[in-house]
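K.L.:
Contents of work.txt (compact mmCIF, C-alpha atoms) are below:
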```
# COMPACT_ATOMS: atom_id res chain seq x y z
CA MET A 1 108.33 112.00 84.89
CA LEU A 2 107.14 114.09 87.86
CA SER A 3 107.38 117.82 88.39
CA GLU A 4 106.05 119.62 91.45
CA GLY A 5 104.08 116.52 92.38
CA LYS A 6 102.40 116.22 88.99
CA ILE A 7 102.91 113.94 86.00
CA ARG A 8 104.86 115.79 83.34
CA SER A 9 103.76 113.89 80.23
CA LEU A 10 101.09 111.16 80.00
CA THR A 11 99.07 109.39 77.31
CA VAL A 12 96.02 107.44 78.48
CA VAL A 13 94.90 104.76 76.00
CA ILE A 14 91.37 103.42 76.36
CA PRO A 15 90.00 100.69 74.06
CA ILE A 16 86.20 100.69 73.82
CA LEU A 17 83.46 98.64 72.17
CA ASN A 18 79.76 99.50 72.44
CA GLU A 19 80.09 101.59 75.60
CA GLU A 20 77.29 104.11 75.00
CA ALA A 21 76.01 103.66 78.55
CA ILE A 22 79.22 104.65 80.33
CA ILE A 23 81.62 106.41 77.98
CA GLU A 24 80.50 110.00 78.65
CA LYS A 25 80.77 109.68 82.44
CA SER A 26 84.03 107.78 82.20
CA LEU A 27 85.83 110.24 79.92
CA THR A 28 84.49 113.29 81.74
CA THR A 29 85.69 111.89 85.06
CA LEU A 30 89.07 110.98 83.60
CA SER A 31 89.55 114.42 82.08
CA ASP A 32 88.74 116.12 85.39
CA VAL A 33 91.26 113.92 87.21
CA LEU A 34 94.04 114.41 84.66
CA LYS A 35 93.67 118.19 84.84
CA THR A 36 94.61 118.05 88.52
CA ILE A 37 97.47 115.51 88.40
CA CYS A 38 99.16 116.17 85.02
CA LEU A 39 101.04 119.05 83.48
CA ASP A 40 100.69 117.63 79.98
CA TYR A 41 98.48 114.75 78.87
CA GLU A 42 96.31 113.32 76.13
CA ILE A 43 93.45 110.80 76.10
CA VAL A 44 93.55 108.37 73.18
CA VAL A 45 90.27 106.49 72.75
CA VAL A 46 90.17 103.60 70.29
CA ASP A 47 86.64 102.76 69.18
CA ASP A 48 86.99 99.14 68.14
CA GLY A 49 84.13 98.99 65.63
CA SER A 50 81.25 99.92 67.93
CA THR A 51 77.76 99.42 66.47
CA ASP A 52 75.77 101.38 69.07
CA ARG A 53 75.81 105.14 69.74
CA THR A 54 79.40 105.15 71.04
CA ALA A 55 80.87 106.87 67.96
CA GLU A 56 78.18 109.56 68.04
CA ILE A 57 78.77 110.26 71.72
CA LEU A 58 82.54 110.44 71.19
CA LYS A 59 82.12 113.10 68.50
CA LYS A 60 80.17 115.27 70.93
CA LEU A 61 82.68 114.70 73.72
CA ALA A 62 85.52 115.80 71.43
CA LEU A 63 83.94 119.26 71.42
CA SER A 64 83.86 119.55 75.21
CA ILE A 65 86.86 117.53 76.42
CA GLY A 66 90.24 118.97 75.57
CA ARG A 67 93.18 116.78 74.58
CA LEU A 68 90.89 113.95 73.47
CA LYS A 69 92.10 111.99 70.46
CA ILE A 70 89.58 109.59 68.89
CA LEU A 71 90.67 106.67 66.73
CA ARG A 72 88.28 104.20 65.13
CA ASN A 73 88.70 100.70 63.73
CA SER A 74 86.28 100.11 60.87
CA ARG A 75 85.71 96.60 62.19
CA ASN A 76 86.28 94.90 65.50
CA GLU A 77 90.00 94.11 65.87
CA GLY A 78 89.89 92.76 69.43
CA LEU A 79 91.49 94.15 72.58
CA GLY A 80 95.02 93.66 71.30
CA GLY A 81 94.29 95.26 67.94
CA ALA A 82 92.68 98.26 69.61
CA LEU A 83 95.51 98.74 72.09
CA CYS A 84 98.24 98.50 69.47
CA HIS A 85 96.39 101.09 67.37
CA GLY A 86 96.30 103.41 70.37
CA PHE A 87 99.93 102.82 71.32
CA LYS A 88 101.08 103.81 67.82
CA HIS A 89 99.43 107.20 68.24
CA ALA A 90 100.66 107.86 71.79
CA ALA A 91 102.78 111.02 71.88
CA LYS A 92 103.63 111.53 75.57
CA ASP A 93 106.52 110.14 77.64
CA VAL A 94 104.50 107.63 79.68
CA VAL A 95 101.68 105.49 78.25
CA PHE A 96 98.89 104.29 80.56
CA TYR A 97 96.26 101.71 79.62
CA ILE A 98 92.97 101.26 81.46
CA ASP A 99 89.47 100.02 80.63
CA ALA A 100 86.61 102.44 79.98
CA ASP A 101 84.37 101.15 82.78
CA MET A 102 86.44 102.78 85.55
CA PRO A 103 87.50 99.55 87.29
CA PHE A 104 90.12 101.54 89.21
CA GLN A 105 90.37 105.07 90.54
CA TYR A 106 91.92 107.13 87.77
CA ALA A 107 94.02 109.08 90.27
CA GLU A 108 95.92 105.83 90.99
CA VAL A 109 97.99 106.58 87.91
CA LEU A 110 99.80 109.29 89.89
CA ARG A 111 100.88 106.72 92.47
CA ALA A 112 101.95 104.38 89.66
CA VAL A 113 104.11 107.06 88.02
CA LYS A 114 105.72 107.86 91.38
CA ILE A 115 106.65 104.20 91.77
CA LEU A 116 107.89 104.13 88.18
CA GLU A 117 110.24 107.00 88.96
CA GLU A 118 111.34 105.94 92.45
CA SER A 119 112.07 102.33 91.46
CA ARG A 120 113.70 103.34 88.17
CA ALA A 121 111.47 100.80 86.45
CA ASP A 122 110.37 100.82 82.82
CA GLY A 123 106.76 99.94 83.54
CA VAL A 124 104.17 99.32 86.24
CA ALA A 125 101.58 96.53 86.18
CA GLY A 126 98.62 96.67 88.52
CA PHE A 127 97.09 93.72 90.32
CA ARG A 128 93.63 93.66 91.86
CA ASN A 129 93.75 93.75 95.66
CA ASN A 130 90.13 92.83 96.32
CA ARG A 131 88.89 90.09 94.00
CA GLU A 132 86.66 88.32 96.54
CA GLN A 133 83.59 90.06 95.14
CA GLU A 134 84.14 88.60 91.68
CA PRO A 135 82.24 85.48 90.54
CA PHE A 136 83.99 82.20 91.27
CA PHE A 137 84.34 81.25 87.57
CA ARG A 138 86.04 84.55 86.80
CA ARG A 139 88.57 84.11 89.59
CA LEU A 140 89.16 80.46 88.67
CA SER A 141 89.76 81.18 84.99
CA SER A 142 92.10 84.05 85.92
CA MET A 143 94.12 81.77 88.19
CA ALA A 144 94.30 79.11 85.45
CA TYR A 145 95.38 81.70 82.88
CA ASN A 146 98.10 83.15 85.12
CA GLY A 147 99.33 79.63 85.81
CA CYS A 148 99.50 78.75 82.11
CA VAL A 149 101.44 81.92 81.28
CA SER A 150 103.85 81.17 84.12
CA CYS A 151 104.39 77.58 82.96
CA LEU A 152 104.87 78.44 79.29
CA TYR A 153 106.91 81.61 79.61
CA GLY A 154 108.42 81.49 83.11
CA ILE A 155 106.91 84.86 84.04
CA LYS A 156 105.35 85.01 87.49
CA MET A 157 102.90 87.84 88.04
CA LEU A 158 99.98 88.15 90.42
CA ASP A 159 97.43 89.39 87.87
CA ILE A 160 98.89 89.49 84.38
CA ASN A 161 95.61 90.40 82.64
CA CYS A 162 94.82 93.34 84.90
CA ALA A 163 93.76 96.36 82.82
CA PHE A 164 96.03 98.78 84.67
CA LYS A 165 99.43 99.08 83.03
CA LEU A 166 101.80 101.86 82.15
CA MET A 167 105.19 102.02 80.52
CA LYS A 168 107.68 104.54 79.27
CA ARG A 169 106.82 105.21 75.65
CA ASN A 170 110.38 104.69 74.42
CA ALA A 171 110.43 101.22 75.97
CA LEU A 172 106.94 100.33 74.75
CA LYS A 173 107.94 101.21 71.18
CA GLN A 174 110.62 98.51 71.29
CA LEU A 175 108.10 95.71 71.93
CA ASP A 176 106.72 93.99 68.85
CA LEU A 177 103.22 93.33 70.17
CA LYS A 178 101.14 91.13 67.89
CA ALA A 179 98.21 89.66 69.83
CA LYS A 180 94.74 90.69 68.68
CA GLY A 181 92.81 89.35 71.67
CA SER A 182 93.19 89.66 75.44
CA PHE A 183 96.51 87.82 75.36
CA ILE A 184 97.92 91.28 74.64
CA ASP A 185 98.32 91.93 78.39
CA ALA A 186 100.44 88.82 78.92
CA GLU A 187 102.37 89.32 75.68
CA TRP A 188 103.22 92.86 76.74
CA MET A 189 104.62 91.74 80.10
CA VAL A 190 106.47 88.71 78.70
CA ARG A 191 108.13 90.62 75.88
CA ALA A 192 109.08 93.39 78.33
CA ALA A 193 110.66 90.91 80.77
CA TYR A 194 112.46 89.01 78.01
CA GLY A 195 113.76 92.30 76.68
CA GLY A 196 115.35 93.12 80.03
CA TYR A 197 112.86 95.83 81.00
CA LYS A 198 111.97 96.19 84.67
CA ILE A 199 108.27 95.89 85.48
CA GLN A 200 107.08 96.82 88.96
CA GLU A 201 103.83 95.36 90.32
CA LEU A 202 101.37 97.54 92.23
CA GLY A 203 98.24 96.58 94.17
CA VAL A 204 95.18 98.69 93.32
CA GLU A 205 91.60 98.64 94.56
CA TYR A 206 89.24 97.09 92.04
CA TYR A 207 85.64 98.10 91.18
CA PRO A 208 84.28 95.45 88.78
CA ARG A 209 81.44 96.09 86.39
CA PRO A 210 78.38 93.81 86.66
CA GLN A 211 79.03 90.26 85.46
CA SER A 212 76.41 90.54 82.75
CA SER A 213 78.25 93.38 81.01
CA SER A 214 81.77 91.97 81.10
CA ARG A 215 82.98 90.78 77.70
CA LEU A 216 86.41 89.33 78.34
CA PHE A 217 85.12 86.52 80.51
CA ARG A 218 82.98 84.98 77.81
CA LEU A 219 83.91 81.77 76.07
CA ARG A 220 85.18 83.24 72.80
CA PRO A 221 87.61 85.83 74.30
CA ILE A 222 88.91 83.22 76.75
CA ALA A 223 89.46 80.71 73.95
CA THR A 224 91.21 83.36 71.82
CA ALA A 225 93.53 84.30 74.70
CA PHE A 226 94.59 80.68 75.25
CA TRP A 227 95.02 80.13 71.49
CA GLU A 228 97.23 83.20 71.12
CA MET A 229 99.22 82.17 74.18
CA ILE A 230 100.19 78.98 72.33
CA LYS A 231 100.35 80.52 68.85
CA PHE A 232 102.97 83.11 69.77
CA PHE A 233 105.01 80.79 71.97
CA PRO A 234 107.80 80.08 69.41
CA ASP A 235 108.06 83.73 68.38
CA ILE A 236 108.26 85.08 71.94
CA ARG A 237 110.44 82.38 73.50
CA ARG A 238 113.22 82.96 70.99
CA LEU A 239 113.63 86.47 72.44
CA LYS A 240 114.60 85.22 75.89
CA GLY A 241 118.22 85.92 76.67
CA PRO A 242 120.51 86.47 79.65
CA ALA A 243 119.22 90.01 80.11
CA SER A 244 115.63 88.90 80.68
CA GLN A 245 114.14 89.02 84.14
CA ASP A 246 110.96 88.39 86.06
CA PRO A 247 108.83 91.41 86.97
CA GLN A 248 109.55 92.75 90.45
CA ALA A 249 106.69 93.32 92.87
CA CYS A 250 105.87 96.45 94.86
CA ARG A 251 103.03 95.59 97.25
```
In structure tokens, how does this file's structure come out?
P.N.:
Amino acid sequence: MLSEGKIRSLTVVIPILNEEAIIEKSLTTLSDVLKTICLDYEIVVVDDGSTDRTAEILKKLALSIGRLKILRNSRNEGLGGALCHGFKHAAKDVVFYIDADMPFQYAEVLRAVKILEESRADGVAGFRNNREQEPFFRRLSSMAYNGCVSCLYGIKMLDINCAFKLMKRNALKQLDLKAKGSFIDAEWMVRAAYGGYKIQELGVEYYPRPQSSSRLFRLRPIATAFWEMIKFFPDIRRLKGPASQDPQACR
């Protein structure tokens, strides 16, 4: 996975929806970082039915940013639908998922891949080190959500919905991810653990976007996540066998 201190093969998947204000800066910054830390990489952007100027901006960026692959859903499929679309088109050995608003330093992926290799894990899941600056309701709902996932599925993670995850592509292909909403993060980790894959946790510094522009912490996405958590319970629980394990933390 690493060669001469650089990542050999990496796909970055970014789901976006109406991000005209930030997408150019975000992708330009990401491309500049990947050029310095990767030998081979691609950026897969999934436009999940944007209705602003996002699609127009992406077309222009495709002319200036190399290794940029743009996918588009004709209608909004939700976070899970967008991610699964991107995962299907990932071609490199390691697949990394992050949000478009740069909530973490992109160069952190190099540290994550090093841990992936050194620990002989199948995936790495980030958790936010510094959440004190977040609004109280956001932290409370996150704690409640993590607790519900733990109670239902027996998976204990510090920050299961953190948008900083990577996994070996061959392992990711074996997971039958189905969630359309933000439950996709938890489903990914639960199916991986039940399948006997080793997931290492990693603390990363967090740079949240303003509360007014965050979409996942609105009533509808939260309700969808909790509904999918219950909806997929019978399907996921039947996968649990003696080989399953809880994710292991690296802090």
K.L.:
Around (107.6, 99.6, 85.7) in the file's frame, which residues reach within 7 Å when counting only C-alpha atoms? Return as a count of residues only?
P.N.:
10
K.L.:
Here's a test: counting all atoms listed in the file, identify every protein, DNA and RNA residue with an atom at most 12 Å from (91.2, 109.2, 88.7) in the file's coordinate frame, and state them as a PyMOL selection string.
P.N.:
chain A and resi 12+26-38+98+100+102-112
K.L.:
Would you compute the distance between CA of Arg169 (chain A) and CA of Gly147 (chain A)? Give it in Å to one decimal.
P.N.:
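A separation of 28.5 Å between them.
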K.L.:
Looking at A:Asn130, A:Thr51, A:Ser3, A:Thr11, which one is nearest to Asp93 (chain A), with distances taken over all atoms listed in the file?
P.N.:
A:Thr11
K.L.:
Select, from A:Glu205, A:Glu42, A:Asp48, A:Glu24, the residue with the minimum atom-to-atom distance to Gly80 (chain A), counting only C-alpha atoms.
P.N.:
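Counting only C-alpha atoms, the residue closest to Gly80 (chain A) is A:Asp48.
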K.L.:
Between A:Ala62, A:Ala171, A:Met1, A:Ile14, which residue has the minimum interatomic distance to Leu39 (chain A), considering only C-alpha atoms?
P.N.:
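Checking each of A:Ala62, A:Ala171, A:Met1, A:Ile14 against Leu39 (chain A), counting only C-alpha atoms, the winner is A:Met1.
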K.L.:
When you draw a straight line from CA of Leu58 (chain A) to CA of Lys165 (chain A), how long is it in Å?
P.N.:
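Separating CA of Leu58 (chain A) from CA of Lys165 (chain A) is a distance of 23.5 Å.
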K.L.:
Just to confirm, what's the straight-line distance from CA of Gly78 (chain A) to CA of Pro221 (chain A) in Å (one decimal)?
P.N.:
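Result for CA of Gly78 (chain A) versus CA of Pro221 (chain A): 8.8 Å, one decimal.
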K.L.:
Using only C-alpha atoms, which of the listed residues (A:Glu134, A:Ser74, A:Ala144, A:Ala55) sits closest to Asn18 (chain A)?
P.N.:
A:Ala55
K.L.:
Counting all atoms listed in the file, figure out which residue out of A:Leu2, A:Leu239, A:Leu71, A:Val45 gets nearest to Ile23 (chain A).
P.N.:
A:Val45
K.L.:
Let me make sure I understand: among A:Arg138, A:Lys92, A:Arg67, A:Lys114, which one has the smallest atom-to-atom distance to Gly5 (chain A) if we use all atoms listed in the file?
P.N.:
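The shortest atom-to-atom distance to Gly5 (chain A) comes from A:Lys114.
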